[in-house]
Every structure is written in structure tokens, then in C-alpha cells.
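*Asks:* For reference, this is start_5.pdb, and it has PDB, C-alpha atoms.
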ATOM      1  CA  MET A 174      -6.656 144.489   8.229
ATOM      2  CA  SER A 175      -4.325 141.930   9.789
ATOM      3  CA  SER A 176      -1.667 142.044  12.491
ATOM      4  CA  ALA A 177       1.834 143.461  12.356
ATOM      5  CA  SER A 178       4.894 141.952  10.684
ATOM      6  CA  PHE A 179       7.290 143.723  13.071
ATOM      7  CA  ASP A 180       7.919 144.064  16.795
ATOM      8  CA  PRO A 181       5.469 146.674  18.175
ATOM      9  CA  ALA A 182       7.711 147.275  21.189
ATOM     10  CA  ALA A 183      10.550 148.398  18.907
ATOM     11  CA  VAL A 184       8.247 150.884  17.193
ATOM     12  CA  GLU A 185       6.913 152.122  20.548
ATOM     13  CA  ALA A 186      10.437 152.825  21.780
ATOM     14  CA  TRP A 187      11.352 154.626  18.567
ATOM     15  CA  MET A 188       8.144 156.708  18.550
ATOM     16  CA  ALA A 189       8.656 157.691  22.183
ATOM     17  CA  ALA A 190      11.997 159.208  21.160
ATOM     18  CA  HIS A 191      10.934 160.773  17.835
ATOM     19  CA  VAL A 192       7.185 161.551  17.824
ATOM     20  CA  PRO A 193       6.205 164.537  20.000
ATOM     21  CA  GLY A 194       3.441 163.734  22.491
ATOM     22  CA  PHE A 195       3.444 160.005  21.767
ATOM     23  CA  ARG A 196       2.302 157.663  24.516
ATOM     24  CA  GLY A 197       2.163 153.894  24.078
ATOM     25  CA  PRO A 198       1.405 151.084  23.976
ATOM     26  CA  ILE A 199       0.288 150.618  20.365
ATOM     27  CA  THR A 200      -2.097 148.213  18.696
ATOM     28  CA  VAL A 201      -1.085 147.422  15.118
ATOM     29  CA  GLU A 202      -3.292 146.543  12.164
ATOM     30  CA  LYS A 203      -2.131 146.134   8.577
ATOM     31  CA  PHE A 204      -4.112 147.840   5.831
ATOM     32  CA  ALA A 205      -5.079 145.504   2.984
ATOM     33  CA  THR A 206      -4.142 148.254   0.515
ATOM     34  CA  GLY A 207      -0.590 149.473  -0.022
ATOM     35  CA  GLN A 208       0.793 146.732  -2.288
ATOM     36  CA  SER A 209       4.141 148.410  -2.797
ATOM     37  CA  ASN A 210       4.933 149.764   0.666
ATOM     38  CA  PRO A 211       3.189 147.886   3.514
ATOM     39  CA  THR A 212       1.069 150.286   5.566
ATOM     40  CA  PHE A 213      -0.120 149.903   9.161
ATOM     41  CA  LYS A 214      -2.582 151.631  11.476
ATOM     42  CA  LEU A 215      -1.146 152.280  14.930
ATOM     43  CA  THR A 216      -3.637 152.971  17.714
ATOM     44  CA  ALA A 217      -2.211 154.416  20.936
ATOM     45  CA  PRO A 218      -3.486 156.344  23.995
ATOM     46  CA  SER A 219      -1.997 159.505  22.442
ATOM     47  CA  GLY A 220      -3.804 159.094  19.111
ATOM     48  CA  VAL A 221      -3.978 157.148  15.878
ATOM     49  CA  TYR A 222      -0.997 157.025  13.533
ATOM     50  CA  VAL A 223      -0.025 155.412  10.247
ATOM     51  CA  LEU A 224       3.296 153.629   9.678
ATOM     52  CA  ARG A 225       4.477 153.078   6.104
ATOM     53  CA  ARG A 226       7.575 150.977   5.504
ATOM     54  CA  LYS A 227       9.750 149.568   2.767
ATOM     55  CA  PRO A 228       8.976 145.894   2.229
ATOM     56  CA  PRO A 229      11.573 143.408   3.459
ATOM     57  CA  GLY A 230      13.777 141.413   1.102
ATOM     58  CA  GLN A 231      15.764 142.173  -2.048
ATOM     59  CA  LEU A 232      14.350 145.272  -3.772
ATOM     60  CA  LEU A 233      14.785 146.936  -7.149
ATOM     61  CA  LYS A 234      17.093 149.949  -7.069
ATOM     62  CA  SER A 235      15.236 153.254  -6.403
ATOM     63  CA  ALA A 236      11.921 151.475  -5.697
ATOM     64  CA  HIS A 237       9.900 151.829  -2.458
ATOM     65  CA  ALA A 238      11.325 155.258  -1.659
ATOM     66  CA  VAL A 239       9.505 155.937   1.607
ATOM     67  CA  ASP A 240      12.067 158.627   2.451
ATOM     68  CA  ARG A 241      10.966 160.570  -0.650
ATOM     69  CA  GLU A 242       7.316 160.076   0.314
ATOM     70  CA  PHE A 243       8.056 161.529   3.716
ATOM     71  CA  ARG A 244      10.019 164.459   2.316
ATOM     72  CA  VAL A 245       7.446 165.567  -0.236
ATOM     73  CA  GLN A 246       4.465 165.340   2.106
ATOM     74  CA  ARG A 247       6.290 167.298   4.802
ATOM     75  CA  ALA A 248       7.203 169.955   2.195
ATOM     76  CA  LEU A 249       3.569 170.276   1.091
ATOM     77  CA  ALA A 250       2.206 170.960   4.582
ATOM     78  CA  ALA A 251       1.850 174.717   3.987
ATOM     79  CA  THR A 252       0.544 174.511   0.386
ATOM     80  CA  ASP A 253      -2.904 174.079  -1.190
ATOM     81  CA  VAL A 254      -2.195 170.348  -1.582
ATOM     82  CA  PRO A 255      -3.892 168.421   1.248
ATOM     83  CA  VAL A 256      -1.552 165.915   2.933
ATOM     84  CA  ALA A 257      -1.377 164.075   6.236
ATOM     85  CA  ARG A 258       0.860 165.493   8.965
ATOM     86  CA  MET A 259       4.307 163.895   8.888
ATOM     87  CA  TYR A 260       5.842 163.008  12.258
ATOM     88  CA  ALA A 261       9.205 161.317  11.707
ATOM     89  CA  LEU A 262      11.273 159.174   9.343
ATOM     90  CA  CYS A 263      13.347 156.206  10.561
ATOM     91  CA  ASP A 264      16.284 155.330   8.300
ATOM     92  CA  ASP A 265      17.735 152.858  10.808
ATOM     93  CA  ASP A 266      16.967 149.388   9.429
ATOM     94  CA  SER A 267      17.730 147.787  12.781
ATOM     95  CA  VAL A 268      14.456 149.040  14.311
ATOM     96  CA  ILE A 269      12.041 146.901  12.256
ATOM     97  CA  GLY A 270      14.210 145.629   9.402
ATOM     98  CA  SER A 271      13.574 148.403   6.858
ATOM     99  CA  MET A 272      13.109 152.174   6.555
ATOM    100  CA  PHE A 273       9.716 153.577   7.622
ATOM    101  CA  TYR A 274       7.925 156.777   8.512
ATOM    102  CA  VAL A 275       5.052 157.675  10.812
ATOM    103  CA  MET A 276       2.311 160.118   9.891
ATOM    104  CA  ASP A 277      -1.036 161.223  11.246
ATOM    105  CA  HIS A 278      -4.069 159.040  10.594
ATOM    106  CA  VAL A 279      -6.540 161.145   8.606
ATOM    107  CA  GLN A 280     -10.161 160.160   9.176
ATOM    108  CA  GLY A 281     -11.865 160.320   5.808
ATOM    109  CA  ARG A 282     -13.603 158.450   3.027
ATOM    110  CA  THR A 283     -11.733 156.296   0.517
ATOM    111  CA  PHE A 284     -13.390 155.523  -2.800
ATOM    112  CA  VAL A 285     -11.987 152.377  -4.394
ATOM    113  CA  ASP A 286     -14.667 152.291  -7.107
ATOM    114  CA  PRO A 287     -14.715 155.506  -9.209
ATOM    115  CA  ARG A 288     -18.407 154.923  -9.935
ATOM    116  CA  LEU A 289     -18.934 156.025  -6.305
ATOM    117  CA  PRO A 290     -21.941 153.695  -5.875
ATOM    118  CA  ASP A 291     -22.797 154.912  -2.366
ATOM    119  CA  VAL A 292     -22.671 158.626  -3.234
ATOM    120  CA  ALA A 293     -25.514 160.847  -4.490
ATOM    121  CA  SER A 294     -25.211 162.048  -8.104
ATOM    122  CA  MET A 295     -24.805 165.715  -7.100
ATOM    123  CA  ASP A 296     -21.988 164.822  -4.719
ATOM    124  CA  ARG A 297     -20.252 162.646  -7.331
ATOM    125  CA  SER A 298     -19.840 165.636  -9.611
ATOM    126  CA  ALA A 299     -18.427 167.727  -6.748
ATOM    127  CA  ILE A 300     -16.009 164.967  -5.690
ATOM    128  CA  PHE A 301     -14.563 164.691  -9.198
ATOM    129  CA  ASP A 302     -14.293 168.450  -9.459
ATOM    130  CA  ASP A 303     -12.316 168.549  -6.217
ATOM    131  CA  MET A 304     -10.109 165.750  -7.526
ATOM    132  CA  ASN A 305      -9.453 168.019 -10.505
ATOM    133  CA  ARG A 306      -8.767 171.017  -8.238
ATOM    134  CA  VAL A 307      -6.211 169.110  -6.179
ATOM    135  CA  LEU A 308      -4.412 167.854  -9.290
ATOM    136  CA  ALA A 309      -4.056 171.445 -10.496
ATOM    137  CA  ALA A 310      -2.828 172.405  -7.002
ATOM    138  CA  ILE A 311      -0.087 169.751  -7.134
ATOM    139  CA  HIS A 312       1.065 171.078 -10.500
ATOM    140  CA  SER A 313       1.036 174.668  -9.199
ATOM    141  CA  VAL A 314       3.304 174.078  -6.175
ATOM    142  CA  ASP A 315       6.151 176.600  -5.937
ATOM    143  CA  LEU A 316       9.131 174.246  -6.092
ATOM    144  CA  GLU A 317      11.677 176.670  -4.684
ATOM    145  CA  ALA A 318       9.479 177.933  -1.832
ATOM    146  CA  THR A 319       8.774 174.361  -0.698
ATOM    147  CA  GLY A 320      12.387 173.235  -0.992
ATOM    148  CA  LEU A 321      11.515 170.779  -3.754
ATOM    149  CA  GLY A 322      13.593 172.385  -6.492
ATOM    150  CA  ASP A 323      15.985 169.418  -6.423
ATOM    151  CA  TYR A 324      13.313 166.728  -5.979
ATOM    152  CA  GLY A 325      13.953 165.260  -9.439
ATOM    153  CA  PRO A 326      16.659 165.228 -12.091
ATOM    154  CA  GLN A 327      16.684 167.685 -14.979
ATOM    155  CA  GLY A 328      16.075 166.825 -18.617
ATOM    156  CA  ASN A 329      13.196 165.418 -20.632
ATOM    157  CA  TYR A 330      10.846 163.805 -18.100
ATOM    158  CA  TYR A 331       9.328 161.293 -20.516
ATOM    159  CA  GLN A 332      12.667 160.100 -21.851
ATOM    160  CA  ARG A 333      13.905 159.758 -18.290
ATOM    161  CA  GLN A 334      10.832 157.835 -17.165
ATOM    162  CA  ILE A 335      10.744 155.576 -20.226
ATOM    163  CA  ASP A 336      14.397 154.681 -19.652
ATOM    164  CA  ARG A 337      13.850 154.102 -15.940
ATOM    165  CA  TRP A 338      10.755 151.945 -16.245
ATOM    166  CA  THR A 339      12.154 149.975 -19.169
ATOM    167  CA  LYS A 340      15.096 149.027 -16.939
ATOM    168  CA  GLN A 341      12.757 148.204 -14.047
ATOM    169  CA  TYR A 342      10.577 146.132 -16.370
ATOM    170  CA  ARG A 343      13.523 144.208 -17.788
ATOM    171  CA  ALA A 344      14.865 143.581 -14.272
ATOM    172  CA  SER A 345      11.551 142.039 -13.177
ATOM    173  CA  GLU A 346      10.547 140.395 -16.483
ATOM    174  CA  THR A 347       9.225 136.845 -16.074
ATOM    175  CA  GLU A 348       8.173 136.016 -19.629
ATOM    176  CA  PRO A 349       8.141 137.747 -23.046
ATOM    177  CA  VAL A 350       5.231 140.126 -23.753
ATOM    178  CA  ALA A 351       5.312 141.119 -27.421
ATOM    179  CA  ASP A 352       2.971 144.112 -26.998
ATOM    180  CA  MET A 353       5.164 145.479 -24.208
ATOM    181  CA  ASP A 354       8.253 145.239 -26.404
ATOM    182  CA  ALA A 355       6.376 147.034 -29.213
ATOM    183  CA  LEU A 356       5.078 149.730 -26.836
ATOM    184  CA  ILE A 357       8.573 150.397 -25.480
ATOM    185  CA  ASP A 358       9.884 150.788 -29.038
ATOM    186  CA  TRP A 359       7.027 153.154 -29.992
ATOM    187  CA  LEU A 360       7.515 155.337 -26.927
ATOM    188  CA  GLN A 361      11.268 155.585 -27.479
ATOM    189  CA  ASN A 362      10.630 156.772 -31.040
ATOM    190  CA  ASN A 363       7.835 159.243 -30.227
ATOM    191  CA  VAL A 364       8.985 161.217 -27.183
ATOM    192  CA  PRO A 365       7.746 164.805 -27.668
ATOM    193  CA  ALA A 366      10.184 167.694 -27.608
ATOM    194  CA  ASP A 367      10.756 169.106 -24.134
ATOM    195  CA  ASP A 368       8.333 172.044 -23.735
ATOM    196  CA  GLY A 369       9.971 173.291 -20.539
ATOM    197  CA  LYS A 370       7.068 172.433 -18.214
ATOM    198  CA  VAL A 371       8.465 171.187 -14.893
ATOM    199  CA  THR A 372       6.157 170.676 -11.925
ATOM    200  CA  LEU A 373       5.751 168.377  -8.992
ATOM    201  CA  VAL A 374       4.064 165.209 -10.240
ATOM    202  CA  HIS A 375       2.361 162.655  -8.010
ATOM    203  CA  GLY A 376       3.032 159.673 -10.264
ATOM    204  CA  ASP A 377      -0.005 157.596  -9.262
ATOM    205  CA  TYR A 378      -2.879 160.073  -9.166
ATOM    206  CA  ARG A 379      -6.255 158.337  -8.975
ATOM    207  CA  ILE A 380      -9.325 158.556  -6.789
ATOM    208  CA  ASP A 381      -8.385 155.619  -4.541
ATOM    209  CA  ASN A 382      -5.200 157.465  -3.537
ATOM    210  CA  LEU A 383      -7.271 160.369  -2.185
ATOM    211  CA  LEU A 384      -9.093 160.786   1.132
ATOM    212  CA  PHE A 385     -12.280 162.847   1.215
ATOM    213  CA  ALA A 386     -13.982 164.506   4.156
ATOM    214  CA  PRO A 387     -16.535 162.283   5.944
ATOM    215  CA  ASP A 388     -19.433 164.645   5.292
ATOM    216  CA  ASN A 389     -18.579 166.732   2.197
ATOM    217  CA  PRO A 390     -16.867 166.371  -1.206
ATOM    218  CA  THR A 391     -13.583 168.015  -0.195
ATOM    219  CA  CYS A 392     -10.332 166.100  -0.651
ATOM    220  CA  ILE A 393      -8.501 166.205   2.696
ATOM    221  CA  ALA A 394      -5.376 164.146   1.918
ATOM    222  CA  VAL A 395      -3.436 162.853  -1.078
ATOM    223  CA  LEU A 396      -1.741 159.543  -0.289
ATOM    224  CA  ASP A 397       0.880 157.229  -1.827
ATOM    225  CA  TRP A 398       3.598 159.610  -3.042
ATOM    226  CA  GLU A 399       6.125 156.848  -3.780
ATOM    227  CA  LEU A 400       6.341 157.679  -7.509
ATOM    228  CA  SER A 401       6.397 161.454  -7.072
ATOM    229  CA  THR A 402       9.170 163.500  -8.649
ATOM    230  CA  LEU A 403       9.718 166.634 -10.702
ATOM    231  CA  GLY A 404       8.390 166.123 -14.179
ATOM    232  CA  HIS A 405       5.714 166.857 -16.709
ATOM    233  CA  PRO A 406       2.183 167.496 -15.426
ATOM    234  CA  PHE A 407       0.319 165.817 -18.299
ATOM    235  CA  ALA A 408       1.508 162.408 -17.063
ATOM    236  CA  ASP A 409      -0.647 162.760 -13.923
ATOM    237  CA  LEU A 410      -3.646 163.923 -15.946
ATOM    238  CA  ALA A 411      -3.264 161.052 -18.412
ATOM    239  CA  ALA A 412      -3.007 158.594 -15.506
ATOM    240  CA  VAL A 413      -6.517 159.592 -14.415
ATOM    241  CA  ILE A 414      -7.890 159.053 -17.922
ATOM    242  CA  MET A 415      -6.044 155.728 -18.211
ATOM    243  CA  GLN A 416      -7.618 154.490 -14.988
ATOM    244  CA  TRP A 417     -11.086 155.411 -16.215
ATOM    245  CA  SER A 418     -10.581 153.416 -19.435
ATOM    246  CA  LEU A 419     -10.282 150.176 -17.448
ATOM    247  CA  PRO A 420     -13.225 147.850 -16.700
ATOM    248  CA  PRO A 421     -15.347 148.685 -13.642
ATOM    249  CA  GLY A 422     -15.235 146.451 -10.586
ATOM    250  CA  ASP A 423     -12.730 145.375  -7.965
ATOM    251  CA  THR A 424      -9.912 144.568 -10.383
ATOM    252  CA  GLY A 425     -10.033 147.270 -13.056
ATOM    253  CA  ARG A 426     -11.503 150.026 -10.863
ATOM    254  CA  GLY A 427     -12.372 151.902 -14.056
ATOM    255  CA  LEU A 428     -15.326 153.428 -15.855
ATOM    256  CA  ALA A 429     -15.322 151.585 -19.191
ATOM    257  CA  GLY A 430     -18.893 151.277 -20.493
ATOM    258  CA  VAL A 431     -20.355 153.266 -17.593
ATOM    259  CA  ASP A 432     -23.144 155.802 -18.289
ATOM    260  CA  ARG A 433     -21.247 158.684 -16.716
ATOM    261  CA  LYS A 434     -23.865 161.325 -17.461
ATOM    262  CA  ALA A 435     -26.479 159.355 -15.529
ATOM    263  CA  LEU A 436     -24.090 159.040 -12.579
ATOM    264  CA  GLY A 437     -22.878 162.653 -12.580
ATOM    265  CA  ILE A 438     -19.319 161.649 -13.516
ATOM    266  CA  PRO A 439     -17.427 163.840 -16.021
ATOM    267  CA  GLU A 440     -16.422 162.525 -19.441
ATOM    268  CA  ASP A 441     -12.694 162.378 -20.180
ATOM    269  CA  GLN A 442     -12.647 165.577 -22.236
ATOM    270  CA  ALA A 443     -14.676 167.503 -19.652
ATOM    271  CA  PHE A 444     -12.170 166.560 -16.954
ATOM    272  CA  ILE A 445      -9.261 167.549 -19.217
ATOM    273  CA  ASP A 446     -10.967 170.854 -20.097
ATOM    274  CA  ALA A 447     -11.578 171.675 -16.411
ATOM    275  CA  TYR A 448      -7.924 170.989 -15.657
ATOM    276  CA  CYS A 449      -6.775 173.169 -18.572
ATOM    277  CA  ALA A 450      -9.038 175.983 -17.365
ATOM    278  CA  ARG A 451      -7.527 175.806 -13.884
ATOM    279  CA  MET A 452      -3.985 175.760 -15.295
ATOM    280  CA  GLY A 453      -4.610 178.490 -17.913
ATOM    281  CA  LEU A 454      -3.960 176.159 -20.858
ATOM    282  CA  PRO A 455      -5.695 176.364 -24.267
ATOM    283  CA  GLY A 456      -5.720 172.555 -24.584
ATOM    284  CA  ILE A 457      -3.372 169.561 -24.914
ATOM    285  CA  ASP A 458      -1.994 168.275 -28.226
ATOM    286  CA  SER A 459      -1.144 164.596 -28.853
ATOM    287  CA  PHE A 460      -2.775 163.430 -25.633
ATOM    288  CA  GLY A 461      -2.483 159.831 -26.903
ATOM    289  CA  PHE A 462       1.271 159.855 -26.225
ATOM    290  CA  TYR A 463       0.762 160.734 -22.566
ATOM    291  CA  LEU A 464      -1.913 158.047 -22.295
ATOM    292  CA  ALA A 465       0.323 155.420 -23.940
ATOM    293  CA  PHE A 466       3.120 156.375 -21.549
ATOM    294  CA  CYS A 467       0.838 155.840 -18.536
ATOM    295  CA  PHE A 468      -0.224 152.385 -19.750
ATOM    296  CA  PHE A 469       3.436 151.480 -20.219
ATOM    297  CA  ARG A 470       4.483 152.668 -16.780
ATOM    298  CA  MET A 471       1.620 150.849 -15.070
ATOM    299  CA  ALA A 472       2.504 147.647 -16.941
ATOM    300  CA  ALA A 473       6.086 147.974 -15.695
ATOM    301  CA  ILE A 474       4.908 148.592 -12.129
ATOM    302  CA  LEU A 475       2.600 145.561 -12.204
ATOM    303  CA  GLN A 476       5.411 143.420 -13.558
ATOM    304  CA  GLY A 477       7.457 144.418 -10.517
ATOM    305  CA  VAL A 478       4.526 143.507  -8.243
ATOM    306  CA  LYS A 479       4.312 140.093  -9.922
ATOM    307  CA  ARG A 480       8.033 139.493  -9.569
ATOM    308  CA  ARG A 481       7.948 140.340  -5.865
ATOM    309  CA  ALA A 482       5.112 137.829  -5.399
ATOM    310  CA  LEU A 483       7.077 135.108  -7.170
ATOM    311  CA  ASP A 484      10.157 135.965  -5.099
ATOM    312  CA  GLY A 485       8.141 135.818  -1.861
ATOM    313  CA  ASN A 486       8.428 139.539  -1.034
ATOM    314  CA  ALA A 487       4.893 140.772  -1.803
ATOM    315  CA  SER A 488       2.773 142.375   0.920
ATOM    316  CA  ASN A 489      -0.280 140.451  -0.359
ATOM    317  CA  PRO A 490       0.991 137.645  -2.644
ATOM    318  CA  GLU A 491      -2.390 136.496  -3.958
ATOM    319  CA  ARG A 492      -3.428 140.023  -4.911
ATOM    320  CA  ALA A 493       0.033 140.715  -6.358
ATOM    321  CA  LEU A 494      -0.200 137.753  -8.732
ATOM    322  CA  GLU A 495      -3.709 138.807  -9.729
ATOM    323  CA  LEU A 496      -2.456 142.297 -10.590
ATOM    324  CA  GLY A 497       0.622 140.981 -12.366
ATOM    325  CA  ALA A 498      -1.563 139.010 -14.765
ATOM    326  CA  PHE A 499      -2.747 142.316 -16.275
ATOM    327  CA  VAL A 500       0.639 143.313 -17.712
ATOM    328  CA  PRO A 501      -0.297 142.195 -21.278
ATOM    329  CA  ALA A 502      -3.621 144.056 -21.106
ATOM    330  CA  PHE A 503      -1.899 147.304 -20.109
ATOM    331  CA  ALA A 504       0.637 146.889 -22.891
ATOM    332  CA  GLU A 505      -2.211 146.370 -25.355
ATOM    333  CA  GLY A 506      -3.971 149.480 -24.002
ATOM    334  CA  GLY A 507      -0.792 151.485 -24.482
ATOM    335  CA  LEU A 508      -0.513 150.469 -28.133
ATOM    336  CA  ALA A 509      -4.173 151.416 -28.673
ATOM    337  CA  ALA A 510      -3.558 154.848 -27.118
ATOM    338  CA  ALA A 511      -0.476 155.295 -29.316
ATOM    339  CA  LYS A 512      -2.658 155.073 -32.409
ATOM    340  CA  THR A 513      -4.562 158.183 -31.268
ATOM    341  CA  ALA A 514      -1.439 160.296 -30.702
TER     342      ALA A 514
END
If you convert what's in this file into C-alpha cells, what do you get?

*Replies:*
Amino acid sequence: MSSASFDPAAVEAWMAAHVPGFRGPITVEKFATGQSNPTFKLTAPSGVYVLRRKPPGQLLKSAHAVDREFRVQRALAATDVPVARMYALCDDDSVIGSMFYVMDHVQGRTFVDPRLPDVASMDRSAIFDDMNRVLAAIHSVDLEATGLGDYGPQGNYYQRQIDRWTKQYRASETEPVADMDALIDWLQNNVPADDGKVTLVHGDYRIDNLLFAPDNPTCIAVLDWELSTLGHPFADLAAVIMQWSLPPGDTGRGLAGVDRKALGIPEDQAFIDAYCARMGLPGIDSFGFYLAFCFFRMAAILQGVKRRALDGNASNPERALELGAFVPAFAEGGLAAAKTA
């Protein structure tokens, strides 16, 4: 973690007025993670907090929606979905230069590598099962009871998302990628009929966006809700499977080629079956479409990360350029998934 990119005194004054029980001063450290929305740890005499802000500079329309992140996590406080406590949202750009919110700092374990190298085999299985449980909990949230009934537009979720991310991709495009053009065309021509399923969707559900208890396999907080909306639940499930298809290691953070049985990690179909059992579903047809969609969306997101780095607005420019280089690989993965649909 590194130091702040804003005036701590301005945040102290704002927190004193908006965060119950807050007492300064604060020490600020920036988390290395949080490419899209810079995230900071605030340590104060009254406790430890987390500040998450929009990045400075010119931004794509509808991106970096920290106000939506704040809203959804506050709405989920009384549900089976574990989230950090939300304190307050600041929509006054004059405080630090962009919108931000402050939440509780949850002390837990983060697993960047889904192989979970430092975890016993028995615990690995339990961790992945709890990841599955929480995903089903997100998709079972009562939208009206939580006030999230208007959290996303109506209509076919996949058509909406394909249109949105195609526009975002074109707006941040830096060079032609033939496979991406082909994947966009395939998705536009193969959107499944709307089956009426509408749930809360996280939009970036993977193990490194979850916090687990320090001493047991229970998920205690789901993080990074920037892409959340109302939509179709299979997109979240397919995002998990997409992540696992990537190479293992710091960059891919996947499980490709890993002996999962030896490590106590579920195979793709076992994870899908466990989810279907929790949701009361007989199975999922044409899963390849949902997988292709997830590859496409991630390629579009990474293209935006690359563009921000080139424009000088990235939170971690070196890492952003490294991630942006994978756009063609994600497009290729999407076309491969399309062939299985």
C-alpha cells in the first residue's frame, strides 16, 4: 500500500460531520488492488475504515459508479449476503475531487490465487462451497423488500449488456482486434430469448472479490459491487467458470491445467450443479453463450483499463497496461466458448 492521493484533512472534516462516532486524525494507505475505483485504508483512533472513490480525470459515461456500490451494499445489510457496513456517501466533488464513500474495514482473508496454496485441502472445498452459497444468496435477494426493485433497467439483460459494453469498448478502443469484432457479432446474433429471470447480479463475482473469516471458511464480505445491477443470474455463475479457465498465477488467477481433485477444488460442472441445487434448477442449457458473454465483457473492461493507463488516469498504470494486453486473449476465449453453446 502507498500513501494518499487526496488531502487527509478534508476527509477528516467530512467524516467528522457524516460518520457517527468518528474521531481523527487519520492515517491513509492505498490498497494495491482496486484498479477501477481507487481504494484506501483509513486508520483513526475511532477505528479502521475504507474509502473508495471515483478516479480523477475524464471518465466513460456510467463507469466507476461508487454511488451504486454504496446503495446496493447498504440495501443488503439485513440479507443473507455478507457485506461491509456502509457509513456515508460523499457526492460533493469539492471534498477530494471526486465522489467517494466510506465503509467499515472488515478484517478477513483475501485469496488472490484460487488454488488457495496456503489452505488445507479440506478447507479449500469448504471455501468454494461457501462461495457457491453466497452466489445463490445474491441471486435470491428479495428486490422489493430491499428497495432494489429499480436498481436496473427492464428488458433483456444480455442484449442490454452487450449493447452497453460494445459502446464502452468502442469508446476506449486503441487498435483493431479481429476476434473481438467477431465475438461482438456472434453475441448480437445469439442472444437467448428472455426467460423472465431477474435477480440482483454482482457483475464481477470471483474469489478475490470475497473476504473470508480469519479462522474458518465462511465468506464474511462481498466486495467490488461497481458492476452490479438487476439482470440474469447465469452471468455471475459463468463469470466464475470463465475465471477458472484462465492460466494460474499472478496474471491469470485461474485454474487451467490444475489438478483440482488433488487440491479439493470443485470441477466446473460440480460447482454449477451445486448452484443449481441451491437455486432449485434442473440444469442450465447453452451455458457456452453465458461463458462467451463473460469473456466479451471482461475484454471490454480491460480495454477501458488500458485506455485509462494511456490517458494517464489509471490507479496503477503499469498493472493497467499489463491487464490491457490480455484483451485479444479474452476475445479468443469468448469465441472458443461460443462454439460450445

*Asks:* For this structure, which residues satisfy the selection - the PyMOL selection byres ((chain A and resi 213-225) around 10) - when it is evaluated on the file as given? I want them as an NGL selection string.

*Replies:* :A and (174-178 or 181 or 184-185 or 193-207 or 210-212 or 226-228 or 239 or 242-243 or 257-262 or 272-280 or 397)

*Asks:* Apply the PyMOL selection byres ((chain A and resi 345-358) around 9) to the displayed file and report the matching residues as a count of residues only.

*Replies:* 33

*Asks:* I'd like the residues picked by the PyMOL selection byres ((chain A and resi 371-378) around 7) written out as a PyMOL selection string, using the chain letters and numbers from the file.

*Replies:* chain A and resi 311-312+314+369-370+379+382+398+400-406+409+412-413

*Asks:* In Å, rounded to a single decimal, give me how far atom CA of Gly437 of chain A is from atom CA of Ser298 of chain A.

*Replies:* 5.2 Å

*Asks:* I'd like the interatomic distance between atom CA of Gly461 of chain A and atom CA of Thr513 of chain A, to a tenth of an Å.

*Replies:*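 Going from atom CA of Gly461 of chain A over to atom CA of Thr513 of chain A covers 5.1 Å.
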
*Asks:* What lies within 7 Å of Pro390 of chain A using all atoms listed in the file, ignoring chain neighbours under 2 positions off, as a PyMOL selection string?

*Replies:* chain A and resi 296+299-300+385-386+392

*Asks:* Taking the point (-10.3, 170.5, -16.3) as given in the file, collect each protein or nucleic acid residue that comes within 10 Å of it, counting only C-alpha atoms, and present the set as a CSV table (one decimal) with C-alpha atoms, in the coordinates of the input.

*Replies:*
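So the final result, stored in part-v5.csv, reads:
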chain,number,residue,atom,x,y,z
A,302,ASP,CA,-14.3,168.4,-9.5
A,304,MET,CA,-10.1,165.8,-7.5
A,305,ASN,CA,-9.5,168.0,-10.5
A,306,ARG,CA,-8.8,171.0,-8.2
A,308,LEU,CA,-4.4,167.9,-9.3
A,309,ALA,CA,-4.1,171.4,-10.5
A,410,LEU,CA,-3.6,163.9,-15.9
A,439,PRO,CA,-17.4,163.8,-16.0
A,441,ASP,CA,-12.7,162.4,-20.2
A,442,GLN,CA,-12.6,165.6,-22.2
A,443,ALA,CA,-14.7,167.5,-19.7
A,444,PHE,CA,-12.2,166.6,-17.0
A,445,ILE,CA,-9.3,167.5,-19.2
A,446,ASP,CA,-11.0,170.9,-20.1
A,447,ALA,CA,-11.6,171.7,-16.4
A,448,TYR,CA,-7.9,171.0,-15.7
A,449,CYS,CA,-6.8,173.2,-18.6
A,450,ALA,CA,-9.0,176.0,-17.4
A,451,ARG,CA,-7.5,175.8,-13.9
A,452,MET,CA,-4.0,175.8,-15.3
A,453,GLY,CA,-4.6,178.5,-17.9
A,454,LEU,CA,-4.0,176.2,-20.9
A,456,GLY,CA,-5.7,172.6,-24.6

*Asks:* For atom CA of Val364 of chain A and atom CA of Arg241 of chain A, determine how far apart the two atoms are, in Å to one decimal place.

*Replies:*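 If I compute the distance from atom CA of Val364 of chain A to atom CA of Arg241 of chain A, I get 26.6 Å.
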
*Asks:* Could you tell me which of A:Val431, A:Val285, A:Arg244, A:Ala514 comes closest to Gly320 of chain A if we count only C-alpha atoms?

*Replies:*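 Closest to Gly320 of chain A, using only C-alpha atoms: A:Arg244.
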
*Asks:* Just checking: using only C-alpha atoms, which residue out of A:Arg333, A:Arg492, A:Arg297, A:Arg288 ends up closest to Asn389 of chain A?

*Replies:*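 Answer, going by the shortest atom-to-atom distance: A:Arg297.
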
*Asks:* In terms of the shortest atom-to-atom distance over all atoms listed in the file, which of A:Ile393, A:Arg426, A:Val268, A:Asp240 is closest to Asp303 of chain A?

*Replies:*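 The closest residue to Asp303 of chain A is A:Ile393.
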